[in-house]
>>> print(open('target_1.cif').read())   # mmCIF, C-alpha atoms
data_final
#
loop_
_atom_site.label_atom_id
_atom_site.label_comp_id
_atom_site.auth_asym_id
_atom_site.auth_seq_id
_atom_site.Cartn_x
_atom_site.Cartn_y
_atom_site.Cartn_z
CA MET A 1 43.67 -63.43 83.07
CA ARG A 2 47.44 -62.92 82.92
CA ALA A 3 48.66 -59.54 84.05
CA MET A 4 50.28 -57.55 81.23
CA GLY A 5 51.26 -54.52 83.25
CA THR A 6 49.87 -52.18 85.87
CA VAL A 7 47.48 -49.25 86.09
CA THR A 8 48.08 -46.44 88.57
CA VAL A 9 44.93 -45.81 90.63
CA LEU A 10 44.40 -42.46 92.40
CA LEU A 11 42.16 -42.04 95.46
CA PHE A 12 40.86 -38.75 96.87
CA ALA A 13 38.91 -37.30 99.80
CA SER A 14 37.07 -39.95 101.88
CA LEU A 15 38.40 -42.76 99.68
CA ALA A 16 42.01 -41.80 100.38
CA GLU A 17 41.31 -41.47 104.11
CA ARG A 18 39.54 -44.83 104.32
CA ALA A 19 42.18 -46.66 102.30
CA GLY A 20 45.08 -44.90 104.03
CA THR A 21 46.71 -44.18 100.66
CA ARG A 22 46.22 -41.85 97.70
CA ARG A 23 47.85 -44.08 95.11
CA LEU A 24 48.26 -47.75 94.26
CA GLU A 25 49.35 -49.95 91.36
CA VAL A 26 46.89 -52.56 90.09
CA PRO A 27 47.90 -55.37 87.69
CA VAL A 28 45.75 -55.51 84.54
CA GLY A 29 45.33 -58.15 81.85
CA ALA A 30 44.21 -57.89 78.23
CA GLY A 31 40.70 -56.50 77.80
CA ALA A 32 40.51 -54.98 81.30
CA THR A 33 37.94 -52.21 81.82
CA VAL A 34 37.58 -49.34 84.29
CA GLY A 35 35.10 -51.48 86.21
CA ASP A 36 37.56 -54.41 86.42
CA VAL A 37 40.28 -52.19 87.89
CA ARG A 38 37.74 -50.68 90.32
CA ASP A 39 36.80 -54.21 91.45
CA ARG A 40 40.46 -55.05 92.15
CA VAL A 41 40.72 -51.89 94.27
CA ILE A 42 37.61 -52.88 96.27
CA GLU A 43 39.06 -56.38 96.85
CA ARG A 44 42.09 -54.72 98.38
CA PHE A 45 40.14 -52.07 100.29
CA PRO A 46 36.67 -53.52 101.05
CA GLN A 47 35.97 -50.46 103.21
CA LEU A 48 35.54 -48.48 99.95
CA ALA A 49 32.66 -50.67 98.70
CA PRO A 50 29.85 -48.39 100.04
CA ALA A 51 31.16 -45.55 97.81
CA VAL A 52 30.93 -47.51 94.56
CA PRO A 53 27.32 -46.62 93.58
CA THR A 54 28.13 -42.89 93.41
CA LEU A 55 31.65 -43.11 91.94
CA MET A 56 32.71 -41.52 88.68
CA TYR A 57 35.93 -42.41 86.89
CA ALA A 58 38.67 -40.50 85.09
CA LEU A 59 41.11 -42.22 82.77
CA ASP A 60 44.24 -40.16 82.12
CA GLU A 61 42.41 -37.04 83.37
CA GLU A 62 39.26 -37.48 81.23
CA TYR A 63 35.93 -38.68 82.63
CA ALA A 64 35.41 -42.28 81.48
CA ARG A 65 32.65 -44.87 81.61
CA GLU A 66 32.83 -48.04 83.64
CA ASP A 67 33.11 -50.17 80.47
CA ALA A 68 35.98 -48.14 78.95
CA PRO A 69 39.09 -50.26 78.21
CA VAL A 70 42.15 -49.62 80.38
CA ALA A 71 45.64 -50.03 78.94
CA PRO A 72 48.68 -50.81 81.10
CA GLY A 73 50.53 -47.65 82.03
CA SER A 74 47.40 -45.50 82.25
CA THR A 75 46.12 -43.65 85.33
CA LEU A 76 42.63 -44.28 86.69
CA ALA A 77 41.16 -41.87 89.24
CA LEU A 78 38.19 -42.90 91.37
CA ILE A 79 36.10 -39.73 91.64
CA PRO A 80 33.53 -39.43 94.45
CA PRO A 81 30.74 -36.86 93.85
CA VAL A 82 32.58 -33.53 93.67
CA SER A 83 31.95 -30.70 96.15
CA GLY A 84 34.23 -27.85 95.15
CA GLY A 85 33.36 -24.17 95.01
CA MET B 1 43.03 -17.38 80.53
CA LEU B 2 44.11 -17.53 84.15
CA ILE B 3 43.43 -21.04 85.53
CA ARG B 4 44.93 -22.24 88.81
CA VAL B 5 44.48 -24.79 91.59
CA THR B 6 46.69 -23.79 94.51
CA GLU B 7 47.21 -24.07 98.26
CA ALA B 8 48.15 -20.39 98.38
CA PRO B 9 45.56 -17.61 98.98
CA ILE B 10 43.68 -16.53 95.83
CA SER B 11 42.61 -13.01 94.95
CA GLY B 12 39.69 -11.47 93.11
CA ASP B 13 41.89 -8.50 92.20
CA GLU B 14 44.40 -10.73 90.43
CA ALA B 15 41.58 -12.44 88.49
CA ALA B 16 39.98 -9.10 87.56
CA ARG B 17 43.33 -7.79 86.27
CA ALA B 18 43.89 -11.01 84.33
CA VAL B 19 40.60 -10.73 82.39
CA ALA B 20 40.82 -6.96 81.74
CA SER B 21 40.39 -6.03 78.08
CA PRO B 22 39.83 -2.76 76.17
CA ALA B 23 36.78 -4.42 74.56
CA ALA B 24 35.18 -5.19 77.94
CA GLY B 25 32.50 -2.93 79.39
CA ALA B 26 31.94 -5.28 82.30
CA ILE B 27 34.15 -7.36 84.56
CA ASN B 28 32.27 -9.56 86.99
CA VAL B 29 34.14 -11.18 89.89
CA PHE B 30 32.65 -13.89 92.10
CA LEU B 31 34.26 -14.97 95.37
CA GLY B 32 33.22 -18.23 97.03
CA VAL B 33 34.04 -17.88 100.74
CA VAL B 34 33.98 -20.24 103.71
CA ARG B 35 30.74 -19.82 105.69
CA ASN B 36 30.55 -20.39 109.45
CA THR B 37 27.50 -22.69 109.32
CA ASN B 38 26.09 -25.45 107.12
CA LEU B 39 22.71 -27.13 107.65
CA GLY B 40 22.48 -25.47 111.04
CA ARG B 41 25.82 -26.70 112.34
CA ALA B 42 28.75 -24.44 113.26
CA VAL B 43 31.68 -24.96 110.87
CA SER B 44 35.17 -24.62 112.36
CA HIS B 45 37.04 -24.74 109.04
CA LEU B 46 37.12 -26.57 105.70
CA VAL B 47 39.75 -28.81 104.12
CA TYR B 48 39.75 -29.05 100.32
CA ASP B 49 41.23 -31.99 98.42
CA ALA B 50 41.68 -31.94 94.63
CA TYR B 51 43.01 -33.82 91.64
CA PRO B 52 44.95 -30.72 90.62
CA SER B 53 46.06 -31.58 87.07
CA MET B 54 42.59 -32.78 86.04
CA ALA B 55 40.86 -29.97 87.93
CA GLU B 56 42.85 -27.38 85.96
CA LYS B 57 42.02 -29.21 82.74
CA GLU B 58 38.28 -29.15 83.54
CA MET B 59 38.45 -25.50 84.63
CA ARG B 60 40.15 -24.60 81.33
CA ALA B 61 37.44 -26.47 79.39
CA ILE B 62 34.70 -24.64 81.34
CA ALA B 63 36.36 -21.25 80.70
CA GLU B 64 36.70 -22.00 76.96
CA GLU B 65 33.07 -23.11 76.80
CA ALA B 66 31.92 -19.98 78.66
CA LYS B 67 33.86 -17.74 76.27
CA ALA B 68 32.17 -19.32 73.25
CA ARG B 69 28.70 -19.52 74.86
CA PHE B 70 28.51 -15.97 76.23
CA GLY B 71 30.90 -14.18 73.86
CA LEU B 72 33.31 -13.35 76.68
CA GLU B 73 36.57 -11.49 76.21
CA ASP B 74 38.19 -13.64 78.89
CA CYS B 75 37.51 -15.86 81.88
CA ALA B 76 39.65 -16.68 84.95
CA ILE B 77 39.02 -19.48 87.46
CA LEU B 78 41.07 -20.00 90.64
CA HIS B 79 40.42 -22.69 93.26
CA ARG B 80 42.21 -22.97 96.56
CA THR B 81 42.92 -26.30 98.33
CA GLY B 82 44.12 -27.35 101.76
CA ARG B 83 42.82 -25.88 105.03
CA LEU B 84 40.63 -22.77 104.78
CA GLU B 85 39.29 -20.76 107.71
CA VAL B 86 35.88 -19.07 107.89
CA GLY B 87 35.88 -15.98 105.66
CA GLU B 88 38.71 -17.16 103.40
CA THR B 89 38.19 -17.37 99.64
CA SER B 90 37.99 -20.87 98.16
CA LEU B 91 36.91 -20.00 94.60
CA VAL B 92 37.38 -16.99 92.34
CA VAL B 93 35.61 -16.65 88.98
CA ALA B 94 36.13 -13.52 86.86
CA VAL B 95 34.63 -12.85 83.44
CA SER B 96 34.98 -9.88 81.10
CA CYS B 97 32.62 -9.02 78.28
CA GLY B 98 30.84 -6.21 76.48
CA HIS B 99 27.90 -5.64 78.83
CA ARG B 100 26.66 -6.35 82.36
CA ARG B 101 23.89 -8.85 81.61
CA GLU B 102 26.09 -11.53 80.04
CA SER B 103 28.73 -10.94 82.71
CA TYR B 104 26.27 -12.02 85.42
CA GLU B 105 24.85 -14.89 83.36
CA ALA B 106 28.30 -16.19 82.41
CA GLY B 107 29.64 -15.83 85.96
CA LEU B 108 26.78 -17.87 87.42
CA TRP B 109 27.10 -20.50 84.69
CA VAL B 110 30.84 -20.91 85.31
CA VAL B 111 30.41 -21.25 89.09
CA ASN B 112 27.67 -23.87 88.59
CA GLU B 113 29.83 -25.86 86.15
CA VAL B 114 32.81 -25.76 88.54
CA LYS B 115 30.64 -27.20 91.32
CA LYS B 116 29.28 -29.87 88.96
CA ARG B 117 32.38 -31.26 87.26
CA VAL B 118 35.73 -30.06 88.64
CA PRO B 119 37.37 -32.81 90.77
CA VAL B 120 37.60 -30.93 94.08
CA TRP B 121 36.16 -32.07 97.43
CA LYS B 122 35.52 -30.29 100.69
CA LYS B 123 35.60 -31.68 104.19
CA GLU B 124 33.61 -29.82 106.82
CA VAL B 125 35.19 -29.77 110.26
CA TRP B 126 32.97 -28.96 113.25
CA ALA B 127 33.80 -28.72 116.94
CA ASP B 128 32.61 -32.33 117.39
CA GLY B 129 33.43 -34.14 114.14
CA GLU B 130 34.10 -33.91 110.45
CA GLU B 131 32.74 -35.18 107.16
CA TRP B 132 33.73 -35.22 103.50
CA ILE B 133 30.93 -33.63 101.49
CA GLU B 134 30.38 -36.00 98.56
CA GLY B 135 26.75 -35.55 97.69
CA PRO B 136 23.68 -36.58 99.72
CA GLU B 137 24.12 -40.27 98.79
CA SER B 138 27.39 -40.56 100.68
CA LEU B 139 26.12 -39.43 104.07
CA GLY B 140 25.72 -43.01 105.32
CA MET B 141 29.35 -43.98 104.77
CA GLN B 142 30.86 -40.98 106.54
CA GLN B 143 31.97 -40.96 110.12
CA ALA B 144 29.18 -39.37 112.11
CA PRO B 145 30.14 -36.59 114.50
CA ALA B 146 30.20 -37.57 118.16
CA SER B 147 26.88 -35.82 118.80
CA MET B 148 25.15 -38.01 116.18
CA GLN B 149 26.67 -41.33 117.25
CA ARG B 150 24.58 -43.64 119.43
#
>>> encode(input="target_1.cif", output="structure tokens")
Amino acid sequence: MRAMGTVTVLLFASLAERAGTRRLEVPVGAGATVGDVRDRVIERFPQLAPAVPTLMYALDEEYAREDAPVAPGSTLALIPPVSGG
Amino acid sequence: MLIRVTEAPISGDEAARAVASPAAGAINVFLGVVRNTNLGRAVSHLVYDAYPSMAEKEMRAIAEEAKARFGLEDCAILHRTGRLEVGETSLVVAVSCGHRRESYEAGLWVVNEVKKRVPVWKKEVWADGEEWIEGPESLGMQQAPASMQR
């Protein structure tokens, strides 16, 4: 899959602490999905793998499914179970 | 509609003033405050992380939905982030409406929705460790406090 551009990925809470960063750029090719980008992030930060089963995703600030298409230039947030209030 | 995610202190008075309306017979203000224990362990302080732009978007959607659902005059939601000490206010929800019953129902509904879907996370810090609270499933991947490590 040839990269066509990049997606900005945002990390929060324990994910940001474990990765040592809150933000990274991930190359994406045609037809990439939320799940594909997530997998690239886990390749780079294997220490985040245990969090995957409970993750939610937000694409450009809207909750999105794992199979949603991701266009270059968009922002994907990995959202652990929330605990505000 | 007053909606804000901020590191600065938040105030119930400000939220109550913001939702005031001549048509309202009831203004209900809820303050979520930092408690000194959780699950039997003494809490030193909390640290909140957030995705601020999306959190405000979700809070606005919740407030709009509450207005339609409960016939509110107005709804304000404020969430604080960063380090909070015991007794400090982390969440303020204020609703205004015609009568008391829907003010309580709407207030509880809004608080529950905030806890369910607004991208904010809290880390508990104890004397002997700390842990991001990310649902019961995540317990295994967190660093255990010294007293729990073998």
>>> resolve_selection(input="target_1.cif", expression="the PyMOL selection byres ((chain A) within 8 of (chain B))", output="MDAnalysis selection string")
chainID A and resid 12:14 50:51 54 61:62 79:85
>>> residues_around(input="target_1.cif", residues="region 60-68 of chain B", least_positions_apart="5", cutoff="8 Å", atoms="all atoms listed in the file", output="list of chain:residue names")
B:Met1, B:Ile3, B:Glu73, B:Asp74, B:Cys75, B:Ala76, B:Ile77, B:Ala106, B:Trp109, B:Val110, B:Glu113, B:Val114
>>> resolve_selection(input="target_1.cif", expression="the PyMOL selection byres ((chain A and resi 78) around 8)", output="ChimeraX atom specification")
/A:9-12,38,55-58,76-77,79-80
>>> write_last_selection(input="target_1.cif", atoms="C-alpha atoms", output="PDB file, keeping the file's coordinate frame")
ATOM      1  CA  VAL A   9      44.930 -45.810  90.630  1.00  0.00           C
ATOM      2  CA  LEU A  10      44.400 -42.460  92.400  1.00  0.00           C
ATOM      3  CA  LEU A  11      42.160 -42.040  95.460  1.00  0.00           C
ATOM      4  CA  PHE A  12      40.860 -38.750  96.870  1.00  0.00           C
ATOM      5  CA  ARG A  38      37.740 -50.680  90.320  1.00  0.00           C
ATOM      6  CA  LEU A  55      31.650 -43.110  91.940  1.00  0.00           C
ATOM      7  CA  MET A  56      32.710 -41.520  88.680  1.00  0.00           C
ATOM      8  CA  TYR A  57      35.930 -42.410  86.890  1.00  0.00           C
ATOM      9  CA  ALA A  58      38.670 -40.500  85.090  1.00  0.00           C
ATOM     10  CA  LEU A  76      42.630 -44.280  86.690  1.00  0.00           C
ATOM     11  CA  ALA A  77      41.160 -41.870  89.240  1.00  0.00           C
ATOM     12  CA  ILE A  79      36.100 -39.730  91.640  1.00  0.00           C
ATOM     13  CA  PRO A  80      33.530 -39.430  94.450  1.00  0.00           C
TER      14      PRO A  80
END
>>> atom_distance(input="target_1.cif", atom1="CA of Ser74 (chain A)", atom2="CA of Arg23 (chain A)")
12.9 Å
>>> atom_distance(input="target_1.cif", atom1="CA of Gly82 (chain B)", atom2="CA of Ala64 (chain A)")
26.6 Å
